[in-house]
Amino acid sequence: MTIDRPDRRAATPLDEAIRPALEEQESNNRSMRAKSTEAPEPEEQEQPFIPLGMDSSGNLHYYVLQAESFISMSPDKHSRNNMIFLAPRPYWEANAGNGRGGVRWEDAARHCFTMTGNRKFTPDRTRGLGIWDGGKGVPVYNAGQKCYTLDASGNIIPCSNIADAGIIYTRTEAAPQLDAPPLTDEEGRLIMDYLASIPFRETHGHLFMSGLLVSSLLSGYLSFRPHCWINAPAESGKTDLRNTLFALMGNIALDFEGAESTPAGVRQRLNGNAVPVLFDESEGKDSKRGISNIQGMLDIARSATRGGIVLKGSVDGTGQSFPLRAGFMFFSVDNQLNRASDLTRFIILTLQKKTGPELPPTLERIRTARAAMLAAVSPGKLIGRLLKEASAVKRNAETIRKALEDAGESGRRSELFGTIFAGAWSLTHSGSVMPEYLEECKEIAASSRLALVEENDSERCLRTIIEYRDKNEGGLLLSELLLRGIPTGNENDQRSERQNREAAARNGVALKPEGGQPKTLFIACGHTAMKEIFKGTDWEGGNCRGALSNFEGVAFKKERLLSGTYRGISIPIHLVFPDKFPPPEEPKTPDDMQNNEDELPEPVLSRADMEPNGTPFDNETEISNNGREQAMFFRKPPGRPSPGQETRTDNEAPPSHHGKPEEPPDRPPENNAGRHPPRDDMPQQSIFPGGKPSINQPTNHTIEKTL
């Protein structure tokens with residue numbers, strides 16, 4: 001059956017007016033339906049690791065974002081477990097899947113190789129704890145779990161541990177955080193006041209110590225890192241100083257037992273951190289292992305001075321690299337710096353041991369200054385100040401270095417002093433150094449005993465001897481024992497002076513007099529004490545004689561020390577203590593003699609003739625091992641020949657002078673047998689035709705005395 005539909009109604013003017021709008025709406029609907037039927041676009045997946053590149057040994061390095069740690073693998077170590085540590089399994093299913101929900105792990109390794117490409121890895125791209133140069137001189141402080149930097153206004157702000165320059169600051173245990181305001185100038189002066197209370201032997205020891213404190217905390221930012229060795233006799237406050245430095249720096253500093261720790265362990269513990277490193281008990285002379293360990297630590301410090309990279313082999317043959325940017329502080333009774341190059345890398349400071357009435361006020365002054373400092377200063381405040389002043393310290397170090405070079409200081413020593421002086425300035429001042437401070441730096445560098453010139457082998461050997469510390473005498477230097485043993489003429493000091501001379505003699509050294517004053521330093525090269533003095537040095541084994549023989553005016557002699565006689569070498573005293581004993585006047589030249597109508601020089605009188613009653617230095621005695629006193633120098637009895645003209649061996653009895661007339665001055669003395677002494681023992685007198693000396697050869701009337 002057919003049903004008739006009504007006819008379609010005719011279009012009206014209104015229909016014609018809305019037709020374009022209806023057609024546009026229909027087109028939009030069709031587009032929306034088409035989009036709804038299409039598959040959704042996958043979201044961009046975050047990269048779970050960062051390929052850092054391949055090193056020279058063929059290892060590939062990655063930084064894992066989820067673990068915030070590094071992993072290094074050789075190509076054959078890209079195993080399934082290592083791949084899963086790099087990224088979760090869905091990542092590998094998407095990038096190396098087999099189409100059935102599995103992963104082709106060979107394709108996963110190939111994916112890592114492709115991402116790495118030809119990128120080269122350098123250790124500088126990974127940085128541990130410390131203050132670093134983040135690029136263009138902007139400092140970055142890696143505090144382990146957080147990183148801080150400066151904004152355009154110089155304010156401290158947190159930042160990411162992944163820098164745009166491709167540098168990654170590693171996550172480690174938390175170091176001091178910068179939650180408190182930075183240290184103020186007034187609080188910085190409290191640090192200077194505390195260090196000034198420490199009894200350093202050096203006049204400006206507190207200034208050097210403050211600069212070393214700053215430079216060690218900025219060791220990652222600075223281009224030059226100075227180190228120090230603090231000599232500290234027993235009970236001189238070494239432990240209190242070291243503990244206080246730790247309290248100032250916080251757990252960012254590392255502490256080791258010097259002689260017990262191995263260089264490999266120290267390198268691995270540093271692990272790319274730019275932090276202060278403190279070594280206690282750094283003598284190491286009790287065993288060959290201790291000596292080797294200390295020398296290994298010194299090698300690390302030398303490499304860290306300019307930020308070297310040490311390469312070491314590993315068991316699997318891949319090798320390891322260790323970037324070294326740290327400031328080292330060694331504490332011990334005696335330092336082991338025996339290389340001339342160390343004088344441009346290390347500052348040597350010495351703590352004085354206070355005794356008697358000086359001790360109580362010294363301890364009270366230290367306790368008061370320490371308490372005031374620690375009440376106001378925290379590691380975070382100190383590091384915050386150095387973060388803000390880091391760029392100024394670097395600029396000031398360069399300014400001071402140039403000023404010292406212009407003043408005549410050597411290049412590397414000026415760099416050492418410049419870095420330390422700039423660090424000391426930053427504790428109590430902000431910005432650039434003032435001209436007045438530059439002049440003060442010049443004066444300190446010129447007057448300080450630390451401003452040493454480059455030494456040759458002979459000078460280093462001599463310095464090793466006179467700077468040896470006698471542990472049995474409270475850690476005093478041999479130079480101190482020698483100088484304190486010189487008689488002053490005060491009867492109250494005679495006992496202590498004799499004890500100092502005996503202590504020096506037990507170490508194989510003694511000052512030998514002429515005319516009542518010390519003339520030479522005698523060093524018994526074969527003395528048993530020399531083995532201990534030169535242990536671990538270039539002269540271990542007894543080859544110091546050759547080095548010391550290069551000094552001008554030396555003489556090889558046999559001298560008596562306490563109860564024994566030793567062969568050794570005598571060095572003019574003005575070469576040993578130039579600041580206390582000026583060099584002797586030069587003899588007249590032939591031209592001077594001609595101008596004086598060929599007059600002969602005045603004869604040099606013997607000591608006995610000038611001082612018939614003896615001198616305090618002549619009357620001193622030494623105690624032998626069997627308790628008997630033996631005369632070091634003899635007084636001339638009235639009416640007898642001067643013993644300075646006699647020579648006898650230990651086995652010969654003294655010659656009898658009773659009833660014998662005094663020998664003429666031109667005739668050598670006779671021994672008990674009536675014969676002349678051996679030719680080697682006779683003073684060499686030049687014989688000239690006619691009894692007159694040549695105009696080019698002055699007469700030497702001085703007769704040498706052998707004890």
# chains A, B, ... in the order shown; residues from 1 in each chain; ligands from 1
>>> residues_around(residues="Thr172 (chain A)", least_positions_apart="3", cutoff="8 Å", atoms="only C-alpha atoms", output="PyMOL selection string")
chain A and resi 128-129+144-145
>>> write_last_selection(atoms="C-alpha atoms", output="short mmCIF file (atom, residue, chain, number, x, y, z; two decimals), in the first residue's frame")
data_model
loop_
_atom_site.label_atom_id
_atom_site.label_comp_id
_atom_site.auth_asym_id
_atom_site.auth_seq_id
_atom_site.Cartn_x
_atom_site.Cartn_y
_atom_site.Cartn_z
CA GLY A 128 80.93 17.53 43.31
CA LEU A 129 80.63 19.57 46.49
CA GLY A 144 74.92 18.15 47.97
CA GLN A 145 71.12 18.20 47.90
#
>>> atom_distance(atom1="CA of Ile400 (chain A)", atom2="CA of Phe421 (chain A)")
7.7 Å
>>> residues_around(residues="Glu202 (chain A)", least_positions_apart="3", cutoff="12 Å", atoms="only C-alpha atoms", output="compact mmCIF listing (two decimals) with C-alpha atoms, in the first residue's frame")
# COMPACT_ATOMS: atom_id res chain seq x y z
CA ALA A 196 95.33 36.34 65.85
CA ILE A 198 96.80 31.58 68.06
CA PRO A 199 100.53 31.70 68.95
CA GLY A 205 100.55 33.93 60.75
CA HIS A 206 96.90 34.81 61.39
CA LEU A 207 96.72 36.64 58.05
CA PHE A 208 98.11 33.64 56.16
CA MET A 209 95.83 31.22 58.01
CA ILE A 230 101.37 23.62 60.07
CA ASN A 231 104.26 22.53 62.27
CA ILE A 347 102.88 28.04 53.18
CA ILE A 348 104.68 26.73 56.28
CA LEU A 349 103.36 27.98 59.62
CA THR A 350 104.55 27.01 63.08
CA LEU A 351 102.69 26.95 66.38
CA GLN A 352 104.69 28.06 69.38
CA ILE A 444 104.60 41.39 54.40
CA SER A 447 109.80 40.86 55.27
CA SER A 448 108.27 37.45 55.90
CA ARG A 449 110.56 34.47 56.18
CA LEU A 450 108.04 32.73 53.94
CA ALA A 451 109.24 34.84 51.02
>>> select_by_dssp(residues="region 26-105 of chain A", states="strand (DSSP E or B)", output="MDAnalysis selection string")
chainID A and resid 49:54 60:64 69:73 97 103
>>> write_last_selection(atoms="all heavy atoms", output="short mmCIF file (atom, residue, chain, number, x, y, z; two decimals), in the first residue's frame")
data_model
loop_
_atom_site.label_atom_id
_atom_site.label_comp_id
_atom_site.auth_asym_id
_atom_site.auth_seq_id
_atom_site.Cartn_x
_atom_site.Cartn_y
_atom_site.Cartn_z
N PHE A 49 67.49 9.77 31.01
CA PHE A 49 68.92 9.88 31.29
C PHE A 49 69.56 10.83 30.28
O PHE A 49 69.00 11.09 29.21
CB PHE A 49 69.61 8.51 31.24
CG PHE A 49 69.53 7.83 29.90
CD1 PHE A 49 70.54 7.99 28.96
CD2 PHE A 49 68.46 7.02 29.57
CE1 PHE A 49 70.47 7.37 27.72
CE2 PHE A 49 68.38 6.39 28.34
CZ PHE A 49 69.38 6.56 27.41
N ILE A 50 70.74 11.33 30.66
CA ILE A 50 71.46 12.27 29.81
C ILE A 50 72.78 11.64 29.43
O ILE A 50 73.61 11.34 30.30
CB ILE A 50 71.72 13.60 30.55
CG1 ILE A 50 70.40 14.25 30.95
CG2 ILE A 50 72.52 14.56 29.67
CD1 ILE A 50 70.58 15.50 31.79
N PRO A 51 73.01 11.41 28.14
CA PRO A 51 74.33 10.88 27.73
C PRO A 51 75.37 12.00 27.78
O PRO A 51 75.20 13.06 27.20
CB PRO A 51 74.08 10.41 26.29
CG PRO A 51 72.93 11.23 25.81
CD PRO A 51 72.09 11.55 27.01
N LEU A 52 76.46 11.74 28.51
CA LEU A 52 77.50 12.76 28.70
C LEU A 52 78.65 12.63 27.72
O LEU A 52 79.44 13.55 27.57
CB LEU A 52 78.03 12.68 30.13
CG LEU A 52 77.00 12.88 31.24
CD1 LEU A 52 77.64 12.71 32.60
CD2 LEU A 52 76.34 14.25 31.12
N GLY A 53 78.78 11.46 27.08
CA GLY A 53 79.84 11.29 26.11
C GLY A 53 80.74 10.11 26.43
O GLY A 53 80.56 9.40 27.43
N MET A 54 81.72 9.91 25.58
CA MET A 54 82.67 8.81 25.73
C MET A 54 84.04 9.37 26.06
O MET A 54 84.48 10.36 25.47
CB MET A 54 82.74 7.99 24.43
CG MET A 54 83.74 6.83 24.48
SD MET A 54 83.87 5.95 22.90
CE MET A 54 82.24 5.22 22.79
N LEU A 60 81.40 4.90 28.27
CA LEU A 60 80.30 5.82 28.04
C LEU A 60 79.73 6.25 29.39
O LEU A 60 79.53 5.43 30.28
CB LEU A 60 79.20 5.18 27.18
CG LEU A 60 79.53 5.03 25.69
CD1 LEU A 60 80.33 3.76 25.44
CD2 LEU A 60 78.27 5.03 24.85
N HIS A 61 79.48 7.55 29.53
CA HIS A 61 79.05 8.12 30.80
C HIS A 61 77.63 8.67 30.65
O HIS A 61 77.31 9.33 29.66
CB HIS A 61 80.00 9.24 31.24
CG HIS A 61 81.40 8.78 31.45
ND1 HIS A 61 81.94 8.50 32.68
CD2 HIS A 61 82.41 8.53 30.55
CE1 HIS A 61 83.19 8.11 32.56
NE2 HIS A 61 83.50 8.13 31.27
N TYR A 62 76.80 8.40 31.66
CA TYR A 62 75.41 8.84 31.66
C TYR A 62 75.07 9.43 33.02
O TYR A 62 75.64 9.06 34.05
CB TYR A 62 74.45 7.68 31.38
CG TYR A 62 74.77 6.88 30.12
CD1 TYR A 62 75.55 5.73 30.19
CD2 TYR A 62 74.29 7.28 28.88
CE1 TYR A 62 75.85 5.00 29.05
CE2 TYR A 62 74.58 6.56 27.73
CZ TYR A 62 75.36 5.42 27.83
OH TYR A 62 75.65 4.69 26.71
N TYR A 63 74.09 10.34 32.99
CA TYR A 63 73.53 10.86 34.23
C TYR A 63 72.07 10.43 34.29
O TYR A 63 71.27 10.75 33.40
CB TYR A 63 73.62 12.39 34.29
CG TYR A 63 73.07 12.97 35.56
CD1 TYR A 63 73.76 12.82 36.76
CD2 TYR A 63 71.86 13.66 35.57
CE1 TYR A 63 73.26 13.35 37.94
CE2 TYR A 63 71.36 14.20 36.74
CZ TYR A 63 72.06 14.03 37.93
OH TYR A 63 71.55 14.54 39.09
N VAL A 64 71.70 9.68 35.33
CA VAL A 64 70.36 9.14 35.49
C VAL A 64 69.54 10.13 36.30
O VAL A 64 69.85 10.42 37.46
CB VAL A 64 70.40 7.77 36.19
CG1 VAL A 64 69.01 7.18 36.26
CG2 VAL A 64 71.35 6.83 35.45
N SER A 69 72.24 10.36 39.76
CA SER A 69 73.58 9.80 39.93
C SER A 69 74.16 9.49 38.57
O SER A 69 73.47 9.54 37.54
CB SER A 69 73.55 8.54 40.80
OG SER A 69 72.77 7.54 40.18
N PHE A 70 75.47 9.16 38.59
CA PHE A 70 76.19 8.88 37.36
C PHE A 70 76.43 7.38 37.23
O PHE A 70 76.54 6.66 38.23
CB PHE A 70 77.53 9.62 37.34
CG PHE A 70 77.40 11.11 37.32
CD1 PHE A 70 77.31 11.82 38.51
CD2 PHE A 70 77.37 11.80 36.13
CE1 PHE A 70 77.20 13.19 38.51
CE2 PHE A 70 77.26 13.18 36.12
CZ PHE A 70 77.16 13.88 37.31
N ILE A 71 76.54 6.95 35.98
CA ILE A 71 76.92 5.57 35.71
C ILE A 71 77.83 5.58 34.49
O ILE A 71 77.60 6.32 33.53
CB ILE A 71 75.68 4.66 35.47
CG1 ILE A 71 76.14 3.22 35.24
CG2 ILE A 71 74.83 5.17 34.34
CD1 ILE A 71 75.00 2.22 35.16
N SER A 72 78.90 4.80 34.57
CA SER A 72 79.85 4.69 33.46
C SER A 72 79.94 3.22 33.06
O SER A 72 80.03 2.34 33.92
CB SER A 72 81.23 5.20 33.88
OG SER A 72 81.16 6.55 34.28
N MET A 73 79.91 2.97 31.77
CA MET A 73 79.94 1.60 31.26
C MET A 73 80.77 1.53 30.00
O MET A 73 80.73 2.44 29.17
CB MET A 73 78.52 1.10 30.95
CG MET A 73 77.58 1.01 32.13
SD MET A 73 75.94 0.42 31.62
CE MET A 73 75.30 1.90 30.81
N GLY A 97 61.63 -2.02 21.24
CA GLY A 97 60.70 -3.13 21.40
C GLY A 97 60.74 -4.10 20.23
O GLY A 97 61.16 -3.76 19.12
N VAL A 103 61.66 -6.56 24.64
CA VAL A 103 62.71 -5.59 24.33
C VAL A 103 63.90 -6.32 23.72
O VAL A 103 64.31 -7.37 24.22
CB VAL A 103 63.17 -4.82 25.58
CG1 VAL A 103 64.30 -3.84 25.23
CG2 VAL A 103 62.02 -4.07 26.23
#
>>> atom_distance(atom1="CA of Ser570 (chain A)", atom2="CA of Arg545 (chain A)")
10.5 Å
>>> select_by_dssp(residues="region 141-321 of chain A", states="helix (DSSP H, G or I)", output="number ranges by chain")
A: 185-197, 205-217, 238-252, 263-270, 288-304
>>> residues_around(residues="Pro139 (chain A)", least_positions_apart="5", cutoff="8 Å", atoms="only C-alpha atoms", output="VMD selection string")
chain A and resid 131 to 134 149 to 150 221 387 390 to 391
>>> write_last_selection(atoms="N, CA, C and O atoms", output="compact mmCIF listing (two decimals), in the first residue's frame")
# COMPACT_ATOMS: atom_id res chain seq x y z
N ILE A 131 82.29 25.28 45.85
CA ILE A 131 81.96 26.48 45.07
C ILE A 131 82.72 26.42 43.76
O ILE A 131 83.95 26.30 43.75
N TRP A 132 81.99 26.51 42.64
CA TRP A 132 82.55 26.35 41.31
C TRP A 132 82.26 27.58 40.45
O TRP A 132 81.37 28.38 40.76
N ASP A 133 82.99 27.68 39.36
CA ASP A 133 82.70 28.68 38.34
C ASP A 133 81.67 28.09 37.39
O ASP A 133 81.97 27.20 36.59
N GLY A 134 80.43 28.59 37.47
CA GLY A 134 79.37 28.05 36.63
C GLY A 134 79.38 28.55 35.21
O GLY A 134 78.56 28.14 34.41
N THR A 149 73.24 29.88 43.47
CA THR A 149 74.02 30.79 42.62
C THR A 149 73.60 32.22 42.93
O THR A 149 72.85 32.46 43.89
N LEU A 150 74.06 33.17 42.14
CA LEU A 150 73.73 34.58 42.33
C LEU A 150 72.89 35.08 41.17
O LEU A 150 73.12 34.71 40.01
N TYR A 221 86.56 27.26 42.56
CA TYR A 221 86.35 28.47 41.77
C TYR A 221 87.65 29.12 41.34
O TYR A 221 87.74 29.67 40.25
N LEU A 387 80.53 32.86 48.62
CA LEU A 387 79.83 32.73 47.35
C LEU A 387 79.60 34.11 46.74
O LEU A 387 79.78 34.31 45.53
N ALA A 390 83.19 35.61 45.71
CA ALA A 390 84.10 34.74 44.94
C ALA A 390 84.73 35.48 43.77
O ALA A 390 85.95 35.42 43.56
N SER A 391 83.92 36.18 42.99
CA SER A 391 84.48 36.88 41.83
C SER A 391 85.43 37.99 42.26
O SER A 391 86.45 38.23 41.60
>>> closest_residue(among="A:Pro226, A:Gly220, A:Pro48, A:Gly130", to="Ile420 (chain A)", atoms="only C-alpha atoms")
A:Pro226
>>> closest_residue(among="A:Arg367, A:Arg119, A:Lys77, A:Lys388", to="Ala152 (chain A)", atoms="only C-alpha atoms")
A:Lys388
>>> atom_distance(atom1="CA of Ala503 (chain A)", atom2="CA of Ile533 (chain A)")
14.1 Å
>>> residues_around(residues="Val509 (chain A)", least_positions_apart="4", cutoff="6 Å", atoms="only C-alpha atoms", output="PyMOL selection string")
chain A and resi 504-505+522-523
>>> residues_around(residues="Lys471 (chain A)", least_positions_apart="4", cutoff="8 Å", atoms="only C-alpha atoms", output="list in words")
Pro233, Gly475 and Leu476 of chain A
>>> write_last_selection(atoms="N, CA, C and O atoms", output="PDB file, in the first residue's frame")
ATOM      1  N   PRO A 233     104.552  21.498  67.662  1.00  0.00           N
ATOM      2  CA  PRO A 233     105.101  20.620  68.699  1.00  0.00           C
ATOM      3  C   PRO A 233     104.001  20.104  69.617  1.00  0.00           C
ATOM      4  O   PRO A 233     102.865  20.586  69.598  1.00  0.00           O
ATOM      5  N   GLY A 475     110.159  19.618  70.300  1.00  0.00           N
ATOM      6  CA  GLY A 475     109.927  19.994  68.910  1.00  0.00           C
ATOM      7  C   GLY A 475     110.693  21.215  68.446  1.00  0.00           C
ATOM      8  O   GLY A 475     110.356  21.804  67.418  1.00  0.00           O
ATOM      9  N   LEU A 476     111.734  21.619  69.175  1.00  0.00           N
ATOM     10  CA  LEU A 476     112.532  22.765  68.752  1.00  0.00           C
ATOM     11  C   LEU A 476     113.329  22.437  67.491  1.00  0.00           C
ATOM     12  O   LEU A 476     113.787  21.312  67.302  1.00  0.00           O
TER      13      LEU A 476
END
>>> residues_around(residues="Phe330 (chain A)", least_positions_apart="3", cutoff="9 Å", atoms="only C-alpha atoms", output="list in words")
His227, Cys228, Trp229, Ile230, Asn231, Gly258, Val277, Leu278, Phe279, Asp280, Glu281, Ser282 and Asn335 of chain A
>>> write_last_selection(atoms="all heavy atoms", output="tab-separated table (two decimals), in the first residue's frame")
chain	number	residue	atom	x	y	z
A	227	HIS	N	98.34	25.62	49.45
A	227	HIS	CA	98.23	24.64	50.53
A	227	HIS	C	99.11	25.10	51.69
A	227	HIS	O	99.91	26.03	51.55
A	227	HIS	CB	98.66	23.25	50.05
A	227	HIS	CG	98.10	22.87	48.72
A	227	HIS	ND1	96.77	22.64	48.52
A	227	HIS	CD2	98.69	22.70	47.50
A	227	HIS	CE1	96.56	22.33	47.25
A	227	HIS	NE2	97.71	22.37	46.61
A	228	CYS	N	98.98	24.44	52.83
A	228	CYS	CA	99.79	24.83	53.98
A	228	CYS	C	100.21	23.60	54.76
A	228	CYS	O	99.55	22.55	54.70
A	228	CYS	CB	99.04	25.80	54.89
A	228	CYS	SG	97.69	25.08	55.84
A	229	TRP	N	101.32	23.75	55.46
A	229	TRP	CA	101.81	22.74	56.40
A	229	TRP	C	102.02	23.46	57.73
A	229	TRP	O	102.80	24.40	57.83
A	229	TRP	CB	103.10	22.10	55.93
A	229	TRP	CG	103.38	20.80	56.65
A	229	TRP	CD1	103.50	20.61	57.99
A	229	TRP	CD2	103.53	19.51	56.06
A	229	TRP	NE1	103.71	19.29	58.29
A	229	TRP	CE2	103.74	18.59	57.12
A	229	TRP	CE3	103.52	19.04	54.76
A	229	TRP	CZ2	103.94	17.24	56.90
A	229	TRP	CZ3	103.72	17.69	54.55
A	229	TRP	CH2	103.93	16.80	55.60
A	230	ILE	N	101.31	22.99	58.76
A	230	ILE	CA	101.37	23.62	60.07
A	230	ILE	C	102.21	22.74	60.98
A	230	ILE	O	101.82	21.62	61.32
A	230	ILE	CB	99.96	23.83	60.64
A	230	ILE	CG1	99.16	24.75	59.71
A	230	ILE	CG2	100.03	24.42	62.05
A	230	ILE	CD1	97.73	24.94	60.12
A	231	ASN	N	103.40	23.23	61.32
A	231	ASN	CA	104.26	22.53	62.27
A	231	ASN	C	103.78	22.83	63.68
A	231	ASN	O	103.59	23.99	64.05
A	231	ASN	CB	105.71	22.99	62.12
A	231	ASN	CG	106.27	22.64	60.76
A	231	ASN	OD1	105.97	21.60	60.19
A	231	ASN	ND2	107.11	23.52	60.23
A	258	GLY	N	97.09	11.31	58.19
A	258	GLY	CA	98.03	11.42	57.08
A	258	GLY	C	98.82	10.17	56.78
A	258	GLY	O	98.81	9.66	55.65
A	277	VAL	N	90.79	19.81	52.63
A	277	VAL	CA	91.23	18.48	53.07
A	277	VAL	C	92.28	18.68	54.16
A	277	VAL	O	93.28	19.34	53.94
A	277	VAL	CB	91.82	17.66	51.90
A	277	VAL	CG1	92.24	16.28	52.37
A	277	VAL	CG2	90.81	17.55	50.77
A	278	LEU	N	92.04	18.08	55.32
A	278	LEU	CA	92.93	18.22	56.46
A	278	LEU	C	93.56	16.88	56.79
A	278	LEU	O	92.86	15.87	56.90
A	278	LEU	CB	92.19	18.76	57.68
A	278	LEU	CG	91.90	20.27	57.71
A	278	LEU	CD1	90.82	20.64	56.70
A	278	LEU	CD2	91.46	20.71	59.11
A	279	PHE	N	94.89	16.89	56.95
A	279	PHE	CA	95.64	15.68	57.32
A	279	PHE	C	96.25	15.90	58.70
A	279	PHE	O	97.00	16.86	58.90
A	279	PHE	CB	96.76	15.39	56.31
A	279	PHE	CG	96.27	14.89	54.99
A	279	PHE	CD1	96.08	15.76	53.94
A	279	PHE	CD2	96.00	13.55	54.79
A	279	PHE	CE1	95.64	15.31	52.71
A	279	PHE	CE2	95.55	13.09	53.57
A	279	PHE	CZ	95.37	13.96	52.53
A	280	ASP	N	95.96	15.02	59.61
A	280	ASP	CA	96.56	15.08	60.93
A	280	ASP	C	97.63	14.00	61.06
A	280	ASP	O	97.59	12.98	60.36
A	280	ASP	CB	95.50	14.89	62.02
A	280	ASP	CG	96.00	15.30	63.38
A	280	ASP	OD1	97.05	15.98	63.44
A	280	ASP	OD2	95.37	14.94	64.39
A	281	GLU	N	98.58	14.24	61.97
A	281	GLU	CA	99.67	13.29	62.21
A	281	GLU	C	100.37	12.94	60.91
A	281	GLU	O	100.43	11.78	60.49
A	281	GLU	CB	99.14	12.04	62.91
A	281	GLU	CG	98.38	12.31	64.19
A	281	GLU	CD	99.24	12.99	65.24
A	281	GLU	OE1	100.48	12.86	65.21
A	281	GLU	OE2	98.67	13.68	66.11
A	282	SER	N	100.92	13.93	60.25
A	282	SER	CA	101.47	13.76	58.91
A	282	SER	C	102.98	13.52	58.90
A	282	SER	O	103.64	13.79	57.90
A	282	SER	CB	101.14	14.99	58.05
A	282	SER	OG	99.76	15.21	57.99
A	335	ASN	N	107.51	19.08	59.16
A	335	ASN	CA	107.03	18.99	57.78
A	335	ASN	C	108.00	18.15	56.94
A	335	ASN	O	109.16	17.98	57.29
A	335	ASN	CB	106.85	20.37	57.17
A	335	ASN	CG	108.15	21.04	56.81
A	335	ASN	OD1	108.79	20.70	55.82
A	335	ASN	ND2	108.56	22.01	57.62
